[in-house]
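Pasted below: final05.txt, compact mmCIF, C-alpha atoms (C1' of nucleotides).
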```
# COMPACT_ATOMS: atom_id res chain seq x y z
CA MET A 1 93.57 11.60 -23.73
CA ARG A 2 96.95 12.23 -25.38
CA ASN A 3 97.07 15.76 -23.94
CA LEU A 4 96.14 14.45 -20.52
CA GLY A 5 98.96 11.93 -20.78
CA ARG A 6 101.49 14.62 -21.69
CA ARG A 7 100.35 16.83 -18.83
CA MET A 8 100.60 13.95 -16.39
CA GLY A 9 104.04 13.04 -17.74
CA ASP A 10 105.28 16.59 -17.19
CA ASP A 11 103.84 16.65 -13.67
CA LEU A 12 105.48 13.31 -12.93
CA ALA A 13 108.89 14.49 -14.12
CA ARG A 14 108.70 17.48 -11.79
CA LEU A 15 107.51 15.30 -8.93
CA GLU A 16 110.35 12.85 -9.42
CA ASP A 17 112.91 15.65 -9.15
CA GLN A 18 111.30 16.97 -5.97
CA ILE A 19 111.22 13.50 -4.42
CA TYR A 20 114.81 12.67 -5.41
CA ALA A 21 115.88 15.87 -3.65
CA PHE A 22 114.94 14.17 -0.39
CA ASN A 23 117.31 11.36 -1.35
CA ASP A 24 120.36 13.64 -1.81
CA GLY A 25 119.38 13.98 -5.44
CA VAL A 26 119.90 10.27 -6.01
CA LYS A 27 117.32 8.66 -8.30
CA PHE A 28 115.46 5.59 -7.16
CA ASN A 29 112.29 3.70 -8.02
CA ILE A 30 109.51 5.44 -6.11
CA ASN A 31 107.02 2.65 -6.79
CA SER A 32 109.32 0.06 -5.28
CA GLY A 33 108.23 -0.59 -1.71
CA ASP A 34 111.72 -1.55 -0.58
CA GLN A 35 113.34 1.54 -2.04
CA LEU A 36 110.60 3.85 -0.74
CA SER A 37 110.93 2.26 2.68
CA ASP A 38 114.65 2.97 2.53
CA LEU A 39 114.01 6.66 1.88
CA LEU A 40 111.35 7.10 4.55
CA PHE A 41 112.83 5.14 7.41
CA ASN A 42 116.58 5.20 6.79
CA LYS A 43 117.32 8.44 4.96
CA LEU A 44 114.53 10.58 6.45
CA GLN A 45 114.44 8.71 9.77
CA LEU A 46 110.62 8.74 10.02
CA PRO A 47 109.31 6.75 13.01
CA THR A 48 108.22 3.17 12.40
CA ALA A 49 106.47 2.74 15.75
CA GLY A 50 103.05 1.15 15.41
CA LEU A 51 103.27 0.62 11.65
CA GLU A 52 101.46 -2.42 10.24
CA ARG A 53 103.43 -4.94 8.27
CA THR A 54 102.43 -6.82 5.15
CA LYS A 55 102.36 -10.59 5.17
CA THR A 56 105.92 -10.70 3.91
CA GLY A 57 107.10 -8.62 6.84
CA ARG A 58 107.63 -5.30 5.06
CA TYR A 59 106.11 -2.12 6.38
CA SER A 60 102.79 -1.52 4.69
CA LEU A 61 102.90 1.75 2.77
CA THR A 62 99.40 2.16 1.41
CA ALA A 63 97.91 5.62 0.95
CA GLY A 64 96.16 5.39 4.32
CA VAL A 65 99.39 4.61 6.13
CA LEU A 66 101.25 7.38 4.35
CA GLU A 67 98.52 9.88 5.21
CA ASN A 68 98.78 9.00 8.88
CA LEU A 69 102.54 9.26 8.69
CA GLU A 70 102.20 12.66 7.07
CA ALA A 71 99.85 13.86 9.82
CA LYS A 72 102.24 12.58 12.46
CA THR A 73 105.56 13.82 11.07
CA ASP A 74 104.75 16.73 8.75
CA SER A 75 107.31 15.27 6.39
CA PRO A 76 106.92 17.20 3.11
CA ALA A 77 108.08 14.19 1.10
CA ILE A 78 104.93 12.21 1.79
CA GLN A 79 102.44 14.40 -0.07
CA LEU A 80 104.75 14.26 -3.08
CA ILE A 81 104.86 10.47 -2.92
CA LEU A 82 101.09 10.20 -2.63
CA ARG A 83 100.69 12.51 -5.59
CA TYR A 84 103.24 10.50 -7.54
CA ARG A 85 101.37 7.29 -6.76
CA GLN A 86 98.04 8.78 -7.84
CA LEU A 87 99.41 10.10 -11.12
CA THR A 88 101.31 6.96 -12.08
CA LYS A 89 98.19 4.92 -11.34
CA LEU A 90 95.94 7.02 -13.55
CA LYS A 91 98.50 7.34 -16.32
CA SER A 92 99.60 3.71 -16.55
CA THR A 93 96.24 2.05 -15.97
CA TYR A 94 94.02 4.35 -18.01
CA VAL A 95 95.58 7.21 -19.97
CA ASP A 96 98.36 5.14 -21.54
CA ALA A 97 96.62 1.77 -21.68
CA LEU A 98 93.15 2.56 -23.06
CA PRO A 99 94.20 4.13 -26.39
CA GLU A 100 96.28 1.01 -27.09
CA LEU A 101 93.12 -1.07 -26.86
CA VAL A 102 91.10 0.90 -29.39
CA ASN A 103 89.87 -1.41 -32.13
CA PRO A 104 90.98 0.17 -35.43
CA ALA A 105 87.88 -1.09 -37.20
CA THR A 106 85.46 0.61 -34.83
CA GLY A 107 87.58 3.34 -33.27
CA ARG A 108 86.37 2.20 -29.88
CA VAL A 109 87.44 0.08 -26.96
CA HIS A 110 85.44 -3.12 -26.51
CA THR A 111 85.40 -4.75 -23.10
CA SER A 112 84.62 -8.38 -22.42
CA TYR A 113 82.10 -9.25 -19.75
CA SER A 114 82.31 -12.43 -17.75
CA GLN A 115 79.00 -13.92 -16.63
CA LEU A 116 80.81 -16.12 -14.16
CA GLY A 117 83.44 -13.62 -13.13
CA ALA A 118 82.07 -12.98 -9.67
CA ALA A 119 80.94 -15.43 -7.02
CA THR A 120 77.85 -13.32 -6.34
CA GLY A 121 76.39 -13.25 -9.84
CA ARG A 122 77.76 -9.87 -10.71
CA LEU A 123 79.34 -9.44 -14.11
CA SER A 124 83.03 -8.69 -14.28
CA SER A 125 84.69 -6.71 -17.05
CA ASN A 126 88.14 -7.16 -18.48
CA ASP A 127 90.51 -6.29 -21.33
CA PRO A 128 89.89 -3.49 -20.62
CA ASN A 129 87.99 -3.36 -17.38
CA LEU A 130 85.41 -0.64 -18.03
CA GLN A 131 83.80 -1.08 -14.62
CA ASN A 132 86.56 0.80 -12.82
CA ILE A 133 87.02 3.96 -14.87
CA PRO A 134 87.83 6.73 -12.35
CA THR A 135 85.12 9.02 -11.05
CA ARG A 136 86.22 10.04 -7.57
CA THR A 137 88.66 12.84 -8.32
CA ASP A 138 88.42 15.62 -10.91
CA GLU A 139 91.66 14.48 -12.48
CA GLY A 140 90.43 10.91 -12.72
CA ARG A 141 87.12 12.07 -14.16
CA GLU A 142 89.01 13.71 -17.02
CA ILE A 143 89.68 10.21 -18.30
CA ARG A 144 85.94 9.84 -18.86
CA ARG A 145 86.07 12.64 -21.41
CA GLY A 146 87.79 10.14 -23.67
CA PHE A 147 84.55 8.17 -23.96
CA VAL A 148 82.55 10.17 -26.50
CA ALA A 149 79.15 9.49 -28.03
CA ASN A 150 78.97 9.26 -31.83
CA PRO A 151 77.98 12.42 -33.72
CA GLY A 152 74.25 12.95 -33.40
CA CYS A 153 74.13 10.74 -30.30
CA MET A 154 74.19 11.19 -26.54
CA PHE A 155 75.11 8.93 -23.68
CA VAL A 156 72.29 8.12 -21.30
CA ALA A 157 73.31 6.71 -17.91
CA ALA A 158 70.78 5.10 -15.60
CA ASP A 159 71.79 4.01 -12.12
CA TYR A 160 69.85 2.34 -9.37
CA SER A 161 69.77 4.60 -6.33
CA GLN A 162 71.03 2.78 -3.20
CA VAL A 163 69.97 -0.56 -4.63
CA GLU A 164 71.86 -2.72 -2.12
CA LEU A 165 70.43 -0.83 0.83
CA ARG A 166 66.93 -1.15 -0.63
CA VAL A 167 67.55 -4.89 -0.96
CA LEU A 168 68.75 -4.90 2.64
CA ALA A 169 65.60 -3.06 3.73
CA HIS A 170 63.41 -5.57 1.93
CA ILE A 171 65.26 -8.68 3.09
CA THR A 172 65.43 -7.55 6.71
CA GLN A 173 61.92 -6.10 6.65
CA ASP A 174 63.30 -3.56 9.05
CA PRO A 175 60.49 -1.03 9.60
CA ASN A 176 62.84 1.93 9.96
CA LEU A 177 64.73 1.19 6.77
CA VAL A 178 61.58 0.36 4.83
CA GLN A 179 59.89 3.57 5.88
CA ALA A 180 62.92 5.68 5.00
CA PHE A 181 62.87 4.34 1.44
CA ARG A 182 59.11 4.58 1.06
CA GLU A 183 59.36 8.24 1.94
CA ASP A 184 62.40 8.59 -0.34
CA GLN A 185 64.43 10.10 2.45
CA ASP A 186 68.17 10.68 2.36
CA ILE A 187 68.89 7.20 3.67
CA HIS A 188 72.16 8.01 5.38
CA ALA A 189 70.71 11.08 7.08
CA ALA A 190 67.71 9.01 8.17
CA THR A 191 69.98 6.33 9.59
CA ALA A 192 72.08 8.96 11.35
CA ALA A 193 68.94 10.47 12.88
CA GLN A 194 68.09 7.07 14.33
CA LEU A 195 71.62 6.27 15.43
CA PHE A 196 72.24 9.58 17.15
CA SER A 197 68.64 10.17 18.27
CA VAL A 198 68.31 13.57 16.62
CA PRO A 199 65.73 14.94 14.17
CA ILE A 200 66.72 14.26 10.57
CA ASP A 201 67.09 17.96 9.78
CA GLN A 202 69.61 18.36 12.59
CA VAL A 203 71.95 15.60 11.44
CA THR A 204 75.48 16.95 10.97
CA LYS A 205 77.67 16.09 8.02
CA ASN A 206 79.94 14.11 10.29
CA GLN A 207 77.05 12.14 11.77
CA ARG A 208 75.81 11.37 8.29
CA ARG A 209 79.26 10.24 7.18
CA ILE A 210 79.66 7.95 10.19
CA ALA A 211 76.17 6.50 9.73
CA LYS A 212 76.92 5.82 6.07
CA THR A 213 80.15 4.00 6.87
CA THR A 214 78.42 1.99 9.59
CA VAL A 215 75.50 0.93 7.43
CA PHE A 216 77.76 -0.10 4.60
CA GLY A 217 79.78 -1.94 7.20
CA VAL A 218 76.76 -4.12 7.90
CA ILE A 219 76.54 -5.12 4.26
CA TYR A 220 80.18 -6.12 4.34
CA GLY A 221 80.07 -8.03 7.63
CA ILE A 222 81.28 -5.33 9.95
CA SER A 223 83.54 -5.54 12.99
CA ALA A 224 84.35 -2.82 15.51
CA PHE A 225 87.98 -3.23 14.48
CA GLY A 226 87.19 -2.61 10.83
CA LEU A 227 84.87 0.30 11.48
CA ALA A 228 87.39 2.01 13.76
CA ALA A 229 90.09 1.59 11.14
CA ARG A 230 87.96 3.34 8.53
CA THR A 231 86.77 6.22 10.67
CA ASP A 232 88.30 8.41 13.31
CA LEU A 233 86.41 6.47 15.97
CA SER A 234 88.10 4.45 18.70
CA ARG A 235 87.50 0.74 18.90
CA SER A 236 84.99 1.12 21.75
CA GLU A 237 83.17 4.02 20.10
CA ALA A 238 82.88 1.89 16.98
CA GLN A 239 81.47 -0.98 19.04
CA GLN A 240 78.93 1.36 20.66
CA LEU A 241 77.83 2.54 17.25
CA ILE A 242 77.40 -1.01 15.98
CA ASP A 243 75.40 -1.88 19.09
CA ALA A 244 73.22 1.20 18.52
CA LEU A 245 72.69 0.21 14.90
CA PHE A 246 71.47 -3.27 15.78
CA ALA A 247 69.28 -1.82 18.53
CA ARG A 248 67.64 0.70 16.19
CA PHE A 249 67.36 -1.66 13.23
CA PRO A 250 66.45 -5.00 14.79
CA GLY A 251 65.85 -6.65 11.42
CA LEU A 252 69.59 -6.56 10.76
CA ARG A 253 70.49 -8.96 13.56
CA ASP A 254 67.76 -11.40 12.50
CA TYR A 255 69.01 -11.32 8.91
CA ILE A 256 72.60 -12.02 9.90
CA ASP A 257 71.68 -14.80 12.29
CA SER A 258 69.29 -16.58 9.95
CA THR A 259 71.61 -16.22 6.95
CA LEU A 260 74.56 -17.74 8.80
CA GLU A 261 72.36 -20.49 10.19
CA GLU A 262 71.03 -21.43 6.77
CA GLY A 263 74.52 -21.25 5.31
CA ARG A 264 75.90 -23.65 7.90
CA ARG A 265 72.93 -26.00 7.53
CA GLU A 266 72.64 -26.09 3.75
CA GLY A 267 76.21 -25.32 2.75
CA TYR A 268 75.15 -22.31 0.70
CA VAL A 269 73.40 -18.96 0.96
CA ARG A 270 70.87 -17.67 -1.56
CA SER A 271 69.79 -14.47 -3.23
CA LEU A 272 66.12 -13.51 -3.23
CA PHE A 273 65.81 -15.27 -6.59
CA GLY A 274 67.53 -18.45 -5.41
CA ARG A 275 71.00 -17.87 -6.78
CA ARG A 276 73.32 -19.93 -4.60
CA ARG A 277 76.78 -19.24 -3.30
CA TYR A 278 78.33 -22.30 -1.72
CA MET A 279 80.06 -21.52 1.56
CA PRO A 280 81.72 -24.65 2.96
CA ASP A 281 84.02 -22.59 5.15
CA LEU A 282 81.10 -21.62 7.39
CA ARG A 283 81.69 -25.01 9.01
CA VAL A 284 85.40 -24.62 9.75
CA SER A 285 86.88 -22.56 12.56
CA GLY A 286 89.29 -19.64 12.82
CA PRO A 287 89.90 -16.72 10.46
CA ARG A 288 88.74 -18.65 7.41
CA ARG A 289 85.35 -19.10 8.99
CA GLN A 290 85.17 -15.45 9.93
CA ALA A 291 85.96 -14.46 6.37
CA ALA A 292 83.29 -16.90 5.15
CA GLU A 293 80.76 -15.34 7.52
CA ARG A 294 81.39 -11.87 6.11
CA GLU A 295 81.04 -13.25 2.59
CA ALA A 296 77.83 -15.04 3.56
CA ILE A 297 76.31 -11.87 5.01
CA ASN A 298 77.19 -9.86 1.92
CA ALA A 299 76.36 -12.44 -0.76
CA PRO A 300 72.53 -12.46 -0.62
CA ILE A 301 72.46 -8.66 -0.77
CA GLN A 302 74.97 -8.25 -3.56
CA SER A 303 73.52 -11.22 -5.44
CA THR A 304 69.97 -9.95 -5.25
CA ALA A 305 71.06 -6.58 -6.61
CA ALA A 306 72.98 -8.36 -9.40
CA ASP A 307 69.92 -10.47 -10.25
CA ILE A 308 67.70 -7.40 -10.42
CA MET A 309 70.16 -5.73 -12.77
CA LYS A 310 70.26 -8.76 -15.05
CA ILE A 311 66.47 -8.85 -15.20
CA ALA A 312 66.48 -5.14 -15.99
CA MET A 313 69.00 -5.58 -18.80
CA ILE A 314 66.82 -8.24 -20.43
CA ARG A 315 63.72 -6.07 -20.08
CA VAL A 316 65.42 -3.01 -21.52
CA ASP A 317 66.87 -5.05 -24.39
CA GLU A 318 63.42 -6.43 -25.23
CA ALA A 319 61.83 -3.02 -25.07
CA LEU A 320 64.48 -1.55 -27.38
CA ARG A 321 63.92 -4.34 -29.92
CA GLU A 322 60.15 -4.18 -29.73
CA ARG A 323 60.15 -0.49 -30.54
CA LYS A 324 62.90 -0.89 -33.14
CA LEU A 325 64.99 1.83 -31.54
CA LYS A 326 68.56 2.55 -32.60
CA THR A 327 69.74 3.12 -29.04
CA ARG A 328 72.47 0.69 -27.95
CA MET A 329 73.17 -0.65 -24.49
CA LEU A 330 76.92 -0.10 -24.12
CA LEU A 331 78.03 -0.80 -20.57
CA GLN A 332 76.95 -2.23 -17.26
CA VAL A 333 78.68 -1.10 -14.08
CA HIS A 334 76.91 -3.20 -11.43
CA ASP A 335 74.12 -0.77 -10.56
CA GLU A 336 74.32 1.36 -13.69
CA LEU A 337 73.63 1.02 -17.42
CA ILE A 338 75.11 3.30 -20.06
CA PHE A 339 73.39 3.71 -23.42
CA GLU A 340 74.18 5.51 -26.63
CA ALA A 341 71.05 7.12 -28.04
CA PRO A 342 70.42 9.13 -31.21
CA GLU A 343 69.42 12.61 -30.07
CA ASP A 344 65.85 12.17 -31.26
CA GLU A 345 65.52 9.03 -29.16
CA VAL A 346 66.83 10.47 -25.90
CA ASP A 347 63.44 11.53 -24.53
CA THR A 348 61.94 8.15 -25.33
CA ILE A 349 64.88 6.23 -23.93
CA VAL A 350 64.93 8.07 -20.64
CA GLY A 351 61.36 7.06 -19.92
CA LEU A 352 61.73 3.55 -21.30
CA VAL A 353 64.90 2.74 -19.37
CA CYS A 354 63.54 4.19 -16.15
CA GLU A 355 60.33 2.17 -16.45
CA GLN A 356 62.07 -1.11 -17.30
CA MET A 357 64.69 -0.76 -14.57
CA GLU A 358 62.38 0.40 -11.81
CA GLY A 359 59.88 -2.28 -12.80
CA ALA A 360 62.45 -5.06 -13.07
CA TYR A 361 61.27 -6.37 -9.75
CA GLN A 362 58.51 -5.10 -7.50
CA PHE A 363 59.26 -5.52 -3.84
CA LYS A 364 56.08 -5.49 -1.85
CA ASP A 365 57.41 -2.79 0.43
CA VAL A 366 60.43 -0.92 -0.95
CA PRO A 367 60.42 0.86 -4.32
CA LEU A 368 63.35 0.73 -6.72
CA LYS A 369 64.54 4.13 -7.87
CA VAL A 370 66.60 5.00 -10.93
CA ASP A 371 68.54 8.23 -11.48
CA LEU A 372 69.21 9.30 -15.05
CA GLU A 373 71.89 11.41 -16.66
CA VAL A 374 72.47 12.55 -20.25
CA GLY A 375 75.60 13.93 -21.87
CA PRO A 376 77.83 14.09 -24.94
CA ASN A 377 80.65 12.24 -23.19
CA TRP A 378 81.09 10.14 -20.06
CA GLU A 379 82.40 13.07 -18.04
CA GLU A 380 79.83 15.75 -18.85
CA MET A 381 76.69 14.01 -17.72
CA ARG A 382 73.84 16.10 -16.35
CA ASP A 383 70.89 14.92 -14.28
CA ILE A 384 67.50 14.40 -15.90
CA THR A 385 64.39 14.60 -13.79
CA THR A 386 61.77 12.10 -14.75
CA HIS A 387 58.97 11.93 -12.22
C1' DA B 388 110.87 -13.50 -22.65
C1' DG B 389 107.23 -15.52 -20.00
C1' DT B 390 105.04 -16.57 -15.37
C1' DG B 391 103.29 -15.73 -10.90
C1' DC B 392 103.11 -13.42 -6.58
C1' DA B 393 103.04 -9.15 -3.66
C1' DG B 394 101.56 -4.73 -2.84
C1' DG B 395 98.85 -1.30 -4.10
C1' DC B 396 94.60 1.05 -5.92
C1' DC B 397 90.71 1.93 -9.42
C1' DA B 398 85.40 0.95 -9.47
C1' DC B 399 80.66 -0.54 -7.28
C1' DA C 400 96.65 -0.41 8.13
C1' DA C 401 92.07 -3.70 6.83
C1' DA C 402 89.34 -8.74 11.08
C1' DC C 403 84.49 -4.70 5.36
C1' DG C 404 82.08 -7.43 0.49
C1' DT C 405 82.79 -8.07 -5.22
C1' DG C 406 86.05 -7.52 -9.04
C1' DG C 407 90.69 -6.30 -12.62
C1' DC C 408 95.18 -4.11 -13.73
C1' DC C 409 99.35 -1.81 -12.78
C1' DT C 410 104.57 -2.08 -11.40
C1' DG C 411 108.26 -4.43 -9.09
C1' DC C 412 110.48 -8.49 -8.40
C1' DA C 413 111.99 -13.33 -8.25
C1' DC C 414 112.04 -17.10 -10.86
C1' DT C 415 112.31 -20.33 -14.93
```
Any chance you could give the structure as structure tokens?
Amino acid sequence: MRNLGRRMGDDLARLEDQIYAFNDGVKFNINSGDQLSDLLFNKLQLPTAGLERTKTGRYSLTAGVLENLEAKTDSPAIQLILRYRQLTKLKSTYVDALPELVNPATGRVHTSYSQLGAATGRLSSNDPNLQNIPTRTDEGREIRRGFVANPGCMFVAADYSQVELRVLAHITQDPNLVQAFREDQDIHAATAAQLFSVPIDQVTKNQRRIAKTTVFGVIYGISAFGLAARTDLSRSEAQQLIDALFARFPGLRDYIDSTLEEGRREGYVRSLFGRRRYMPDLRVSGPRRQAAEREAINAPIQSTAADIMKIAMIRVDEALRERKLKTRMLLQVHDELIFEAPEDEVDTIVGLVCEQMEGAYQFKDVPLKVDLEVGPNWEEMRDITTH
DNA sequence: AGTGCAGGCCAC
DNA sequence: AAACGTGGCCTGCACT
């Protein structure tokens, strides 16, 4: 961790110099939106046409905006700024902060979980948040190397495969989705095959990517506007895709309609297990209602997955106690549990955890599936095949 | 020095 | 960008 911090610090110093060169060598605060805006649009004279503004009227300069600007202008400063942003984020939020939070008595960081942290029944984690440790980039993943199992122990990670989409398949009873999961197909490829009317083995990577974005869009209360903004599709192409999705998976439309209807009528929506989320704004009008509708569509799905995970955690805990195992449940990351197991318990734990998680709730139609990984630290985890 | 908001970005 | 859901934490900045 300390080495990683030094390396990042050195990289940042070099980056700062390169960025200041675009400002006539004059130093400024690169993470200040106003000062960055000054460099891009006054000093470098980049075009501001069509740029979105934040609610305070400034130009929005998120990574997505900067990437578009880079594609449009070829300005060499932008890549440097994006890199600077990425490194300062990782360094300040994780590399510098986490070691400060190590408890001297245990030599470990200890998060706090909030049972009521999320409106959907999910846990939230804070001080430090251990549910958002980077995994997307190689550099971010390096931070996970700092989480090391005790001598003689291994980490075992168990994550529910596509749990929210399985919940969606069950709730909607959509025959196409249900069948895809029963046959344990690549769900996004299967969806793409339906959407684009091609055999599943002829689905292109791009088709799969678009199908994935679209299906997740449904869970989040999609709009053509939103889908277009997150893909390279035009607004009308996005709308066509959404129409195709609802045509191919008719259960989706029924789910959305009946959920919103119940929400308006009762004032709340429910998970499969009856967990309520009160949604008074379904009865107002305007953007607040639209936001409430997206929340209402998402809540039963996310809540049901959260409920299943909580049931699983109780089952696993009971099974560990019953068998007087030394393995400890360390972390929960929404659809994933991380354990620390003595090496001689690993084989036992893998089977036990898989059984308790997959059996946490038996849908009549869609199986739950758990993927398992084992490793000496949180970065070097390798897959374990169970079945 | 402490507080709170804005903007941004990490995870699922 | 965000009219795609759920969170928490960082820096910058204005304010008390």
(request) List the neighbours of Leu90 in chain A out to 9 Å using only C-alpha atoms (C1' of nucleotides); skip same-chain residues closer than 2 positions along the sequence, and give me the result as a ChimeraX atom specification. (result) /A:8,85-88,92-96,134,139-140,143 /B:397
(request) Might you pull out every residue within 12 Å of DC399 in chain B, with only C-alpha atoms (C1' of nucleotides) counted and same-chain residues fewer than 6 positions away left off, and present them as a ChimeraX atom specification? (result) /A:122-124,130-136,159-160,162-164,302,305-306,332-336 /C:404-406
Counting only C-alpha atoms (C1' of nucleotides), which residues of chain B sit at most 12 Å from some atom of chain A, and what is each one's closest atom pair with its distance in Å to one decimal, listed by chain and rising residue number, as JSON lines?
```
{"residue": "B:DC392", "atom": "C1'", "partner": "A:Thr56", "partner_atom": "CA", "distance": 11.2}
{"residue": "B:DA393", "atom": "C1'", "partner": "A:Thr56", "partner_atom": "CA", "distance": 8.2}
{"residue": "B:DG394", "atom": "C1'", "partner": "A:Gly33", "partner_atom": "CA", "distance": 7.9}
{"residue": "B:DG395", "atom": "C1'", "partner": "A:Thr62", "partner_atom": "CA", "distance": 6.5}
{"residue": "B:DC396", "atom": "C1'", "partner": "A:Lys89", "partner_atom": "CA", "distance": 7.6}
{"residue": "B:DC397", "atom": "C1'", "partner": "A:Asn132", "partner_atom": "CA", "distance": 5.5}
{"residue": "B:DA398", "atom": "C1'", "partner": "A:Asn132", "partner_atom": "CA", "distance": 3.5}
{"residue": "B:DC399", "atom": "C1'", "partner": "A:His334", "partner_atom": "CA", "distance": 6.2}
```
(request) Just give me the gap between CA of Phe249 in chain A and CA of Pro175 in chain A in Å, one decimal is fine. (result) 7.8 Å
(request) Rank A:Arg315, A:His170, A:Arg289, A:Arg382 by their smallest atom-to-atom distance to chain C, using all atoms listed in the file, and report the top residue only. (result) A:Arg289
(message) If we count all atoms listed in the file and set the cut-off at 12 Å, which residues sit around DG391 in chain B, ignoring sequence neighbours fewer than 5 positions away in its own chain? Please answer as a PyMOL selection string.
(response) chain C and resi 412-415
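Straight-line separation from CA of Ile200 in chain A to CA of Ala180 in chain A: 10.9 Å.
The coordinates place CA of Thr214 in chain A at 6.9 Å from CA of Leu227 in chain A.
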Please identify all residues of chain C having at least one atom at most 7 Å from any atom of chain A, considering only C-alpha atoms (C1' of nucleotides), and return them as a PDB file with C-alpha atoms (C1' of nucleotides), keeping the file's coordinate frame.
```pdb
ATOM      1  C1'  DA C 400      96.650  -0.410   8.130  1.00  0.00           C
ATOM      2  C1'  DA C 401      92.070  -3.700   6.830  1.00  0.00           C
ATOM      3  C1'  DA C 402      89.340  -8.740  11.080  1.00  0.00           C
ATOM      4  C1'  DC C 403      84.490  -4.700   5.360  1.00  0.00           C
ATOM      5  C1'  DG C 404      82.080  -7.430   0.490  1.00  0.00           C
ATOM      6  C1'  DT C 405      82.790  -8.070  -5.220  1.00  0.00           C
ATOM      7  C1'  DG C 406      86.050  -7.520  -9.040  1.00  0.00           C
ATOM      8  C1'  DG C 407      90.690  -6.300 -12.620  1.00  0.00           C
ATOM      9  C1'  DC C 408      95.180  -4.110 -13.730  1.00  0.00           C
ATOM     10  C1'  DC C 409      99.350  -1.810 -12.780  1.00  0.00           C
ATOM     11  C1'  DG C 411     108.260  -4.430  -9.090  1.00  0.00           C
TER      12       DG C 411
END
```
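Among the candidates A:Glu16, A:Ile30, A:Ala21, A:Pro151, the residue lying nearest to DT410 in chain C is A:Ile30 (atoms considered: all atoms listed in the file).
When only C-alpha atoms are used to compute distances to Thr259 in chain A, the closest of the residues A:Ile171, A:Val215, A:Val366, A:Met313 turns out to be A:Ile171.
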Completed range 335-347 of chain A (N, CA and C atoms) as an mmCIF file, in the coordinates of the input:
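Below you can see rebuild.cif, which holds the result:
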```cif
data_model
loop_
_atom_site.group_PDB
_atom_site.id
_atom_site.type_symbol
_atom_site.label_atom_id
_atom_site.label_comp_id
_atom_site.auth_asym_id
_atom_site.auth_seq_id
_atom_site.Cartn_x
_atom_site.Cartn_y
_atom_site.Cartn_z
ATOM 1 N N ASP A 335 75.444 -1.329 -10.856
ATOM 2 C CA ASP A 335 74.120 -0.770 -10.560
ATOM 3 C C ASP A 335 73.755 0.300 -11.590
ATOM 4 N N GLU A 336 74.457 0.290 -12.712
ATOM 5 C CA GLU A 336 74.320 1.360 -13.690
ATOM 6 C C GLU A 336 74.390 0.799 -15.101
ATOM 7 N N LEU A 337 73.559 1.348 -15.996
ATOM 8 C CA LEU A 337 73.630 1.020 -17.420
ATOM 9 C C LEU A 337 73.930 2.276 -18.198
ATOM 10 N N ILE A 338 74.786 2.157 -19.206
ATOM 11 C CA ILE A 338 75.110 3.300 -20.060
ATOM 12 C C ILE A 338 74.697 2.973 -21.479
ATOM 13 N N PHE A 339 73.919 3.883 -22.064
ATOM 14 C CA PHE A 339 73.390 3.710 -23.420
ATOM 15 C C PHE A 339 73.938 4.800 -24.325
ATOM 16 N N GLU A 340 73.923 4.494 -25.628
ATOM 17 C CA GLU A 340 74.180 5.510 -26.630
ATOM 18 C C GLU A 340 72.907 5.672 -27.458
ATOM 19 N N ALA A 341 72.356 6.889 -27.412
ATOM 20 C CA ALA A 341 71.050 7.120 -28.040
ATOM 21 C C ALA A 341 71.142 8.235 -29.076
ATOM 22 N N PRO A 342 70.572 8.011 -30.273
ATOM 23 C CA PRO A 342 70.420 9.130 -31.210
ATOM 24 C C PRO A 342 69.648 10.250 -30.504
ATOM 25 N N GLU A 343 70.006 11.488 -30.815
ATOM 26 C CA GLU A 343 69.420 12.610 -30.070
ATOM 27 C C GLU A 343 67.894 12.574 -30.074
ATOM 28 N N ASP A 344 67.316 12.146 -31.208
ATOM 29 C CA ASP A 344 65.850 12.170 -31.260
ATOM 30 C C ASP A 344 65.215 11.002 -30.504
ATOM 31 N N GLU A 345 66.063 10.118 -29.971
ATOM 32 C CA GLU A 345 65.520 9.030 -29.160
ATOM 33 C C GLU A 345 65.692 9.263 -27.657
ATOM 34 N N VAL A 346 66.462 10.295 -27.308
ATOM 35 C CA VAL A 346 66.830 10.470 -25.900
ATOM 36 C C VAL A 346 65.600 10.544 -25.001
ATOM 37 N N ASP A 347 64.627 11.369 -25.377
ATOM 38 C CA ASP A 347 63.440 11.530 -24.530
ATOM 39 C C ASP A 347 62.720 10.200 -24.327
#
```
